[in-house]
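Listing of structure.cif; format and content: mmCIF, C-alpha atoms.
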```cif
data_upload
loop_
_atom_site.label_atom_id
_atom_site.label_comp_id
_atom_site.auth_asym_id
_atom_site.auth_seq_id
_atom_site.Cartn_x
_atom_site.Cartn_y
_atom_site.Cartn_z
CA MET C 1 31.74 -13.88 8.54
CA ASP C 2 28.85 -14.63 6.29
CA ILE C 3 26.12 -12.06 5.74
CA LYS C 4 23.06 -12.63 3.58
CA VAL C 5 20.52 -10.06 2.45
CA LEU C 6 17.15 -11.59 1.57
CA GLY C 7 14.91 -9.97 -1.00
CA PRO C 8 13.46 -10.61 -4.45
CA GLY C 9 14.81 -7.27 -5.64
CA CYS C 10 12.79 -4.17 -4.97
CA ALA C 11 13.93 -0.79 -3.69
CA ASN C 12 13.76 -1.81 -0.03
CA CYS C 13 15.87 -4.94 -0.57
CA HIS C 14 18.40 -2.87 -2.44
CA THR C 15 18.61 -0.37 0.42
CA MET C 16 19.10 -3.25 2.85
CA GLU C 17 21.99 -4.58 0.78
CA GLN C 18 23.64 -1.17 0.73
CA LEU C 19 23.15 -0.86 4.49
CA ALA C 20 24.81 -4.22 5.09
CA LYS C 21 27.76 -3.34 2.85
CA THR C 22 28.23 0.04 4.49
CA ALA C 23 28.02 -1.53 7.94
CA VAL C 24 30.69 -4.10 7.06
CA LYS C 25 32.97 -1.37 5.75
CA GLU C 26 32.47 0.90 8.76
CA LEU C 27 32.98 -1.94 11.20
CA GLY C 28 36.12 -2.89 9.35
CA ILE C 29 35.39 -6.61 9.46
CA GLU C 30 36.01 -9.39 6.99
CA ALA C 31 32.63 -10.39 5.65
CA GLU C 32 30.98 -11.46 2.45
CA VAL C 33 27.63 -9.79 1.75
CA GLU C 34 25.54 -12.05 -0.39
CA LYS C 35 22.21 -11.12 -1.98
CA ILE C 36 19.63 -13.91 -1.96
CA SER C 37 16.73 -13.44 -4.37
CA GLU C 38 15.63 -17.04 -4.88
CA ILE C 39 12.21 -17.42 -3.21
CA GLN C 40 12.85 -20.96 -1.95
CA GLU C 41 16.09 -19.80 -0.37
CA ILE C 42 14.47 -16.73 1.22
CA MET C 43 11.69 -18.82 2.70
CA LYS C 44 14.20 -20.92 4.59
CA TYR C 45 14.77 -17.93 6.81
CA ALA C 46 11.84 -15.56 6.71
CA MET C 47 8.52 -14.67 5.18
CA SER C 48 8.76 -10.91 5.10
CA THR C 49 11.49 -9.25 3.12
CA PRO C 50 13.92 -7.58 3.20
CA GLY C 51 15.79 -9.83 5.58
CA LEU C 52 19.25 -9.82 7.12
CA VAL C 53 20.98 -13.10 7.98
CA VAL C 54 24.29 -13.12 9.83
CA ASN C 55 26.19 -16.41 10.15
CA GLY C 56 23.03 -18.32 9.30
CA LYS C 57 20.94 -16.52 11.90
CA LEU C 58 18.01 -14.28 10.99
CA LYS C 59 18.64 -10.88 12.51
CA HIS C 60 16.03 -8.75 10.82
CA SER C 61 12.97 -9.31 8.66
CA GLY C 62 10.45 -7.05 6.95
CA LYS C 63 9.62 -3.41 7.09
CA PRO C 64 10.64 -1.06 8.64
CA LEU C 65 14.28 -1.28 7.67
CA PRO C 66 16.75 -0.84 10.50
CA ASN C 67 19.04 2.19 10.33
CA ILE C 68 22.78 1.87 9.83
CA GLU C 69 23.55 1.90 13.59
CA LYS C 70 21.06 -0.90 14.16
CA VAL C 71 22.54 -2.94 11.30
CA LYS C 72 26.01 -2.54 12.74
CA ALA C 73 24.76 -3.63 16.16
CA LEU C 74 23.02 -6.67 14.66
CA ILE C 75 26.18 -7.73 12.84
CA LYS C 76 28.34 -7.16 15.91
CA GLU C 77 26.08 -9.43 17.98
CA GLU C 78 27.22 -12.34 15.85
CA ALA C 79 30.82 -11.30 15.43
CA MET R 1 -6.25 29.50 11.81
CA LEU R 2 -5.03 27.76 8.68
CA LYS R 3 -7.51 29.75 6.64
CA ALA R 4 -6.21 32.98 8.12
CA PHE R 5 -2.64 31.91 7.41
CA SER R 6 -3.24 31.11 3.76
CA SER R 7 -5.22 34.33 3.29
CA TYR R 8 -2.31 36.17 4.83
CA ILE R 9 0.17 34.70 2.35
CA THR R 10 -2.08 35.23 -0.62
CA TYR R 11 -3.46 38.69 -0.02
CA ASP R 12 -1.00 40.40 2.28
CA LEU R 13 2.38 38.85 1.61
CA LEU R 14 1.99 38.46 -2.15
CA GLY R 15 -0.32 41.47 -2.37
CA LEU R 16 -2.78 39.79 -4.69
CA ASP R 17 -6.26 41.21 -5.17
CA ARG R 18 -9.05 39.54 -3.32
CA THR R 19 -11.34 39.25 -6.28
CA PRO R 20 -9.46 37.66 -9.18
CA ARG R 21 -9.64 33.99 -9.72
CA LEU R 22 -5.90 33.45 -9.42
CA ALA R 23 -5.74 34.82 -5.89
CA ASP R 24 -8.70 32.74 -4.80
CA ALA R 25 -7.19 29.68 -6.34
CA LEU R 26 -3.86 30.29 -4.62
CA ASN R 27 -5.55 30.86 -1.27
CA PHE R 28 -7.46 27.61 -1.65
CA PHE R 29 -4.29 25.84 -2.76
CA ILE R 30 -2.19 26.89 0.24
CA TYR R 31 -4.99 26.14 2.69
CA ASP R 32 -5.68 22.68 1.28
CA THR R 33 -2.03 21.72 0.95
CA ILE R 34 -1.25 22.51 4.57
CA LYS R 35 -4.48 20.92 5.79
CA ILE R 36 -3.94 17.65 3.94
CA LEU R 37 -0.24 17.37 4.77
CA LEU R 38 -1.00 17.92 8.47
CA LEU R 39 -3.78 15.36 8.33
CA LEU R 40 -1.47 12.89 6.59
CA THR R 41 1.30 13.37 9.14
CA VAL R 42 -0.97 12.78 12.12
CA ILE R 43 -2.85 9.79 10.68
CA ILE R 44 0.22 8.06 9.23
CA PHE R 45 1.97 8.43 12.56
CA ILE R 46 -0.91 6.86 14.48
CA VAL R 47 -1.31 4.04 11.95
CA SER R 48 2.45 3.40 12.02
CA VAL R 49 2.36 2.89 15.77
CA ILE R 50 -0.56 0.45 15.42
CA ARG R 51 1.24 -1.19 12.50
CA SER R 52 4.30 -1.98 14.61
CA TYR R 53 2.09 -4.38 16.61
CA PHE R 54 1.12 -6.37 13.51
CA PRO R 55 4.19 -7.75 11.76
CA PRO R 56 3.30 -10.25 8.99
CA GLU R 57 4.37 -13.17 11.21
CA ARG R 58 1.74 -12.26 13.77
CA THR R 59 -0.96 -11.68 11.15
CA LYS R 60 -0.14 -15.11 9.74
CA ARG R 61 -0.61 -16.71 13.16
CA ILE R 62 -3.92 -14.92 13.66
CA LEU R 63 -5.25 -16.07 10.29
CA SER R 64 -3.91 -19.59 10.39
CA HIS R 65 -6.70 -22.21 10.21
CA LYS R 66 -9.37 -19.52 10.53
CA ARG R 67 -12.78 -20.42 9.25
CA GLU R 68 -13.72 -18.85 5.95
CA PHE R 69 -15.80 -15.70 5.99
CA ILE R 70 -14.73 -14.73 9.53
CA GLY R 71 -11.21 -15.28 8.26
CA ASN R 72 -11.87 -13.18 5.15
CA ILE R 73 -13.18 -10.30 7.24
CA LEU R 74 -10.23 -10.45 9.62
CA ALA R 75 -7.77 -10.70 6.74
CA ALA R 76 -9.21 -7.65 4.98
CA PHE R 77 -8.87 -5.58 8.15
CA LEU R 78 -5.39 -6.91 8.93
CA GLY R 79 -4.45 -5.97 5.36
CA ILE R 80 -4.82 -2.32 6.38
CA VAL R 81 -2.42 -2.51 9.32
CA THR R 82 0.13 -5.15 8.35
CA PRO R 83 3.16 -3.53 6.74
CA PHE R 84 4.66 -5.32 3.80
CA CYS R 85 6.79 -4.35 0.91
CA SER R 86 5.14 -4.91 -2.47
CA CYS R 87 7.78 -7.38 -3.55
CA SER R 88 7.10 -9.47 -0.44
CA ALA R 89 3.78 -10.59 -1.94
CA VAL R 90 5.21 -13.94 -3.06
CA PRO R 91 7.05 -14.95 0.14
CA LEU R 92 4.03 -13.73 2.10
CA PHE R 93 1.67 -15.81 -0.01
CA ILE R 94 3.83 -18.91 0.47
CA GLY R 95 4.21 -18.24 4.20
CA PHE R 96 0.45 -17.85 4.66
CA VAL R 97 -0.45 -20.96 2.68
CA GLU R 98 2.21 -22.99 4.45
CA ALA R 99 0.93 -21.87 7.85
CA GLY R 100 -2.56 -23.12 7.00
CA VAL R 101 -4.20 -19.82 6.15
CA PRO R 102 -7.01 -20.76 3.72
CA LEU R 103 -6.40 -19.68 0.12
CA GLY R 104 -9.40 -17.33 -0.02
CA VAL R 105 -8.40 -15.70 3.26
CA THR R 106 -4.87 -15.15 1.92
CA PHE R 107 -6.39 -13.42 -1.10
CA SER R 108 -8.55 -11.15 1.05
CA PHE R 109 -5.35 -10.01 2.73
CA LEU R 110 -3.42 -9.50 -0.49
CA ILE R 111 -6.29 -7.54 -2.05
CA SER R 112 -7.03 -5.21 0.83
CA SER R 113 -3.43 -4.36 1.66
CA PRO R 114 -2.49 -2.15 -1.32
CA MET R 115 -6.02 -0.85 -1.93
CA VAL R 116 -7.22 0.22 1.50
CA ASN R 117 -4.62 2.11 3.48
CA GLU R 118 -4.27 5.25 5.49
CA VAL R 119 -2.75 7.28 2.66
CA ALA R 120 -5.69 6.59 0.34
CA VAL R 121 -8.23 7.30 3.03
CA VAL R 122 -6.63 10.55 4.23
CA LEU R 123 -6.22 11.89 0.71
CA LEU R 124 -9.84 11.13 -0.18
CA TRP R 125 -10.94 12.64 3.12
CA GLY R 126 -8.95 15.83 2.60
CA LEU R 127 -9.95 16.31 -1.02
CA PHE R 128 -13.51 15.01 -1.20
CA GLY R 129 -14.73 14.87 2.39
CA TRP R 130 -15.02 12.13 4.99
CA LYS R 131 -18.07 10.51 3.44
CA ILE R 132 -16.25 9.62 0.24
CA ALA R 133 -13.27 8.38 2.27
CA ALA R 134 -15.51 6.20 4.45
CA ILE R 135 -17.34 4.79 1.44
CA TYR R 136 -14.06 4.01 -0.32
CA MET R 137 -12.71 2.24 2.73
CA GLY R 138 -15.95 0.35 3.32
CA THR R 139 -16.37 -0.83 -0.23
CA GLY R 140 -12.65 -1.57 -0.55
CA LEU R 141 -12.96 -3.91 2.41
CA LEU R 142 -16.11 -5.42 0.90
CA VAL R 143 -14.29 -6.11 -2.37
CA ALA R 144 -11.43 -7.76 -0.49
CA ILE R 145 -13.76 -9.86 1.66
CA GLY R 146 -16.08 -10.77 -1.23
CA ALA R 147 -13.42 -11.61 -3.80
CA GLY R 148 -11.43 -13.64 -1.27
CA PHE R 149 -14.53 -15.47 -0.12
CA ILE R 150 -15.53 -16.42 -3.69
CA ILE R 151 -11.99 -17.61 -4.48
CA GLY R 152 -12.08 -19.72 -1.31
CA LYS R 153 -15.45 -21.25 -2.25
CA LEU R 154 -14.23 -22.18 -5.72
CA LYS R 155 -11.60 -24.50 -4.20
CA LEU R 156 -8.80 -23.54 -6.52
CA GLU R 157 -5.92 -24.91 -4.49
CA LYS R 158 -4.97 -27.16 -7.41
CA TRP R 159 -4.02 -24.07 -9.41
CA VAL R 160 -1.41 -22.96 -6.93
CA GLU R 161 2.11 -23.92 -8.03
CA GLU R 162 3.02 -27.24 -6.42
CA TYR R 163 6.31 -26.07 -4.97
CA VAL R 164 4.43 -23.65 -2.72
CA TYR R 165 3.15 -26.59 -0.69
CA GLN R 166 6.59 -28.12 -0.40
CA ILE R 167 8.42 -25.13 1.00
CA LYS R 168 8.99 -25.27 4.69
CA THR R 169 9.57 -21.95 6.36
CA GLY R 170 12.56 -21.84 8.61
CA GLN R 171 13.19 -19.71 11.60
CA GLY R 172 11.11 -16.82 10.24
CA GLN R 173 8.89 -17.00 13.28
CA VAL R 174 11.36 -15.03 15.38
CA ALA R 175 9.52 -12.21 17.03
CA PHE R 176 11.50 -9.02 17.10
CA SER R 177 10.23 -7.44 20.26
CA GLN R 178 10.24 -3.69 20.42
CA ARG R 179 10.09 -1.23 23.24
CA PHE R 180 7.42 1.45 22.99
CA SER R 181 10.03 4.13 22.39
CA GLU R 182 11.31 2.06 19.45
CA ARG R 183 7.78 1.87 18.04
CA LEU R 184 7.46 5.66 18.26
CA GLN R 185 10.84 5.99 16.63
CA TYR R 186 9.73 3.67 13.83
CA ALA R 187 6.46 5.58 13.45
CA LYS R 188 8.35 8.86 13.13
CA TRP R 189 10.69 7.37 10.59
CA ASN R 190 7.88 5.75 8.63
CA THR R 191 5.80 8.93 8.58
CA ALA R 192 8.73 10.92 7.20
CA ASP R 193 9.40 8.21 4.64
CA ILE R 194 5.81 8.10 3.36
CA LEU R 195 5.48 11.90 3.32
CA LYS R 196 8.67 12.12 1.31
CA ARG R 197 7.17 9.82 -1.27
CA VAL R 198 3.70 11.35 -1.51
CA TRP R 199 3.96 15.11 -0.98
CA LEU R 200 4.48 15.85 -4.64
CA PHE R 201 1.35 13.89 -5.63
CA VAL R 202 -0.64 15.69 -2.97
CA ILE R 203 0.41 19.10 -4.23
CA LEU R 204 -0.23 18.00 -7.79
CA ALA R 205 -3.73 16.86 -6.91
CA ILE R 206 -4.57 20.01 -5.01
CA GLY R 207 -3.05 22.08 -7.79
CA ILE R 208 -5.35 20.43 -10.27
CA GLY R 209 -8.27 21.15 -7.98
CA GLY R 210 -7.29 24.73 -7.27
CA PHE R 211 -6.21 25.98 -10.65
CA ILE R 212 -8.01 23.96 -13.23
CA HIS R 213 -11.26 24.09 -11.32
CA GLY R 214 -13.90 25.62 -13.48
CA TYR R 215 -11.63 26.03 -16.50
CA VAL R 216 -11.76 22.50 -17.76
CA PRO R 217 -14.29 21.96 -20.48
CA GLN R 218 -16.40 19.01 -19.56
CA ASP R 219 -16.54 17.48 -22.94
CA PHE R 220 -14.56 14.58 -24.20
CA LEU R 221 -14.44 12.26 -21.23
CA VAL R 222 -17.91 13.05 -20.06
CA ARG R 223 -19.35 12.26 -23.46
CA TYR R 224 -17.71 8.85 -23.40
CA ALA R 225 -17.52 8.02 -19.71
CA GLY R 226 -20.04 10.31 -18.09
CA ASN R 227 -23.12 9.44 -16.13
CA GLY R 228 -25.19 8.76 -19.21
CA ASN R 229 -22.96 5.96 -20.40
CA PRO R 230 -23.81 2.62 -18.81
CA PHE R 231 -20.38 1.31 -19.77
CA ALA R 232 -18.48 4.07 -17.99
CA VAL R 233 -17.64 1.90 -14.99
CA PRO R 234 -16.34 -1.19 -16.81
CA LEU R 235 -14.40 1.11 -19.13
CA ALA R 236 -12.74 2.83 -16.16
CA VAL R 237 -11.93 -0.54 -14.59
CA ALA R 238 -10.50 -1.91 -17.84
CA LEU R 239 -8.28 1.17 -18.12
CA GLY R 240 -7.20 0.96 -14.50
CA VAL R 241 -6.26 -2.73 -14.29
CA PRO R 242 -2.98 -2.75 -16.23
CA LEU R 243 -1.83 0.55 -14.71
CA TYR R 244 0.18 0.47 -11.56
CA SER R 245 0.38 3.17 -8.96
CA ASN R 246 0.08 3.43 -5.23
CA ALA R 247 -2.87 5.29 -3.76
CA ALA R 248 -1.04 8.63 -3.60
CA GLY R 249 0.09 8.49 -7.22
CA VAL R 250 -3.38 7.90 -8.57
CA ILE R 251 -4.97 10.73 -6.57
CA PRO R 252 -4.06 13.57 -8.99
CA ILE R 253 -5.60 11.56 -11.84
CA VAL R 254 -8.66 10.87 -9.72
CA TYR R 255 -9.02 14.58 -9.05
CA ALA R 256 -8.62 15.46 -12.70
CA LEU R 257 -11.21 12.90 -13.75
CA MET R 258 -13.67 14.24 -11.19
CA GLU R 259 -13.09 17.76 -12.44
CA LYS R 260 -13.79 16.49 -15.92
CA GLY R 261 -17.20 15.55 -14.67
CA LEU R 262 -16.93 11.80 -14.26
CA SER R 263 -19.17 10.47 -11.56
CA MET R 264 -17.79 9.43 -8.19
CA GLY R 265 -18.47 5.72 -8.60
CA THR R 266 -16.68 5.56 -11.91
CA VAL R 267 -13.66 7.40 -10.54
CA LEU R 268 -13.43 5.33 -7.35
CA ALA R 269 -13.74 2.11 -9.34
CA PHE R 270 -10.86 3.38 -11.47
CA MET R 271 -8.82 4.11 -8.35
CA MET R 272 -9.45 0.64 -6.93
CA ALA R 273 -8.54 -1.03 -10.21
CA VAL R 274 -5.28 0.90 -10.40
CA THR R 275 -4.17 0.21 -6.82
CA ALA R 276 -5.42 -3.36 -6.44
CA LEU R 277 -4.44 -4.84 -9.79
CA SER R 278 -1.51 -4.23 -12.07
CA LEU R 279 0.58 -5.98 -14.69
CA PRO R 280 3.76 -6.07 -12.57
CA GLU R 281 1.79 -7.55 -9.68
CA MET R 282 0.37 -10.27 -11.93
CA ILE R 283 3.85 -11.12 -13.13
CA ILE R 284 4.98 -11.44 -9.51
CA LEU R 285 1.96 -13.53 -8.53
CA ARG R 286 2.46 -15.77 -11.56
CA LYS R 287 5.38 -17.28 -9.62
CA VAL R 288 2.94 -18.89 -7.21
CA LEU R 289 -0.33 -19.02 -9.15
CA LYS R 290 -1.03 -20.97 -12.30
CA ILE R 291 -2.58 -19.01 -15.15
CA PRO R 292 -6.19 -20.19 -14.54
CA LEU R 293 -6.13 -19.03 -10.92
CA LEU R 294 -4.52 -15.75 -11.92
CA ALA R 295 -7.27 -15.28 -14.50
CA VAL R 296 -9.99 -16.14 -11.97
CA PHE R 297 -8.46 -13.69 -9.51
CA VAL R 298 -8.34 -10.84 -12.03
CA GLY R 299 -11.81 -11.69 -13.31
CA ILE R 300 -13.41 -11.69 -9.87
CA MET R 301 -11.66 -8.45 -8.97
CA CYS R 302 -12.89 -6.74 -12.12
CA VAL R 303 -16.46 -7.89 -11.51
CA THR R 304 -16.55 -6.85 -7.85
CA ILE R 305 -14.89 -3.48 -8.47
CA THR R 306 -17.29 -2.79 -11.34
CA ALA R 307 -20.22 -3.71 -9.10
CA VAL R 308 -18.97 -1.30 -6.45
CA GLY R 309 -18.70 1.45 -9.08
CA TYR R 310 -22.31 0.93 -10.17
CA ILE R 311 -23.54 0.91 -6.57
CA PHE R 312 -21.68 4.15 -5.91
CA ASN R 313 -23.14 5.83 -8.94
CA ALA R 314 -26.59 4.72 -7.92
CA ILE R 315 -26.46 6.00 -4.34
CA LEU R 316 -24.36 9.16 -4.68
#
```

Represent the structure contained in this file as structure tokens.
Amino acid sequence: MDIKVLGPGCANCHTMEQLAKTAVKELGIEAEVEKISEIQEIMKYAMSTPGLVVNGKLKHSGKPLPNIEKVKALIKEEA
Amino acid sequence: MLKAFSSYITYDLLGLDRTPRLADALNFFIYDTIKILLLLTVIIFIVSVIRSYFPPERTKRILSHKREFIGNILAAFLGIVTPFCSCSAVPLFIGFVEAGVPLGVTFSFLISSPMVNEVAVVLLWGLFGWKIAAIYMGTGLLVAIGAGFIIGKLKLEKWVEEYVYQIKTGQGQVAFSQRFSERLQYAKWNTADILKRVWLFVILAIGIGGFIHGYVPQDFLVRYAGNGNPFAVPLAVALGVPLYSNAAGVIPIVYALMEKGLSMGTVLAFMMAVTALSLPEMIILRKVLKIPLLAVFVGIMCVTITAVGYIFNAIL
């Protein structure tokens, strides 16, 4: 599974990355969490950061951040 | 009721005398703290619910291909209710431009968003009364509309980095629909989050008001930046531009400056300069704006904020 966290690198994006990593661990799945901070790359998916992309599909974008349960559910949808 | 409660704590629970300054100050402090925190909680909650209806994608659609002026006004107002994380400024800018939002209209949005928001308005309301809060909000919107409109008229599109026009946004248009209960949940979460970040500043500001009130000698700053000095406003703006803080963080400083006897217009101009412009923000915007446009942007902002400061000082 391929998970991307979109964000130029502020506190919110960092939180999102942590959420994704925790979710992967708690779900016990094989997945690579990749942080994307290149603007051009982010814009391919979404305009508002932080964003969460699972298997190439945008699952969340912008504020407010989803909570850990929501992140797990979003990842599971694509699993 | 709140007044009775804070009197109870001060005079009965802590057994302080009614006359001395300290007791009065403490009474005032407890009353104001509770009042402002309650006010903040209620208003942030309401705004958060409204905000959940205006994700940036929707705002972008509303503003796309809008005529100038009308577009600037709309953008300034949408800036209040559209949530976006400060580091989203660049992707947001690109997304807006790509969707056909005029450059000046995009600027109106980017200016109003950090400067005019519910936290700033509630804090000004609680500390200085609703008139000051209304004037701040009104003039903040005017600055955003005016500065954006001028930038639009100057036709500066050539000073936007070329790559901005080449980026094609992908599937970012997905609308994440929410049930009303989810919106309320978000509002609750968001209110707690904002309160967690601002409560200390609120207490600091009220503390300055309650305890330093009357003790501070009105000397140094007043001599150099007081009413008599015609350069007080530009000086305050020049000091405020490089500094970065959100509205809550600057409030204690604003209170202290007022206590030092600076006039309202000067202080509010300072507050606008701090929240609307900052060095880190310019560095971020440099990724999409060439230096001349960045300079024009900062220049126009300084001029309009200074003008607002003078107008304030003249009418208040």

Exercise for review: Determine, counting all atoms listed in the file, which protein, DNA and RNA residues have an atom within 12 Å of an atom of Lys44 in chain C; residues of the same chain fewer than 2 positions away are not included. Present the result as an MDAnalysis selection string.
Suggested key: (chainID C and resid 6 36:42 46:48 51 53 56:58) or (chainID R and resid 91 94:95 166:173)

Point to revise | Output of the PyMOL selection byres ((chain C and resi 5) around 12), listed as a PyMOL selection string | key: chain C and resi 2-4+6-9+12-21+32-38+41-42+45-46+49-62+65+71

Exercise for review: State, in Å with one decimal place, the distance from CA of Pro55 in chain R to CA of Gln185 in chain R.
Suggested key: 16.0 Å

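Picture a line from CA of Ala147 in chain R to CA of Trp130 in chain R; it runs 25.4 Å.
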
Exercise for review: To verify the selection step, state as number ranges by chain which residues the PyMOL selection byres ((chain R) within 12 of (chain C)) yields on this input.
Suggested key: R: 48-49, 51-52, 54-60, 82-99, 163-177, 182-183, 185-191, 193-194, 280, 284, 287-288

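In this structure, CA of Ser7 in chain R sits 17.7 Å away from CA of Leu37 in chain R.
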
Exercise for review: Let me know the residues the PyMOL selection byres ((chain R and resi 154-158) around 10) catches in the file above, as a PyMOL selection string.
Suggested key: chain R and resi 97+102-104+149-153+159-162+165+289-290+292-293+296

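Taking only C-alpha atoms into account, Arg197 in chain R lies nearest to R:Gly249 out of the set R:Gly140, R:Pro242, R:Gly146, R:Gly249.
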
Practice item. In the coordinates of the file, take the point (-8.2, 0.5, -16.6) and a cut-off of 10 Å; then, counting only C-alpha atoms, name each qualifying protein, DNA or RNA residue as an MDAnalysis selection string. Key: chainID R and resid 233:244 269:274 277:278 302

Exercise for review: Skip Thr33 in chain R itself and residues of its chain fewer than 3 positions away, then list as a list in words all residues within 7 Å of it, counting all atoms listed in the file.
Suggested key: Phe29, Ile30, Ile36, Leu37, Ile203 and Ile206 of chain R

Using only C-alpha atoms, please write the residues we just selected to a file, as a PDB file, in the frame of the given file.
```pdb
ATOM      1  CA  PHE R  29      -4.290  25.840  -2.760  1.00  0.00           C
ATOM      2  CA  ILE R  30      -2.190  26.890   0.240  1.00  0.00           C
ATOM      3  CA  ILE R  36      -3.940  17.650   3.940  1.00  0.00           C
ATOM      4  CA  LEU R  37      -0.240  17.370   4.770  1.00  0.00           C
ATOM      5  CA  ILE R 203       0.410  19.100  -4.230  1.00  0.00           C
ATOM      6  CA  ILE R 206      -4.570  20.010  -5.010  1.00  0.00           C
TER       7      ILE R 206
END
```
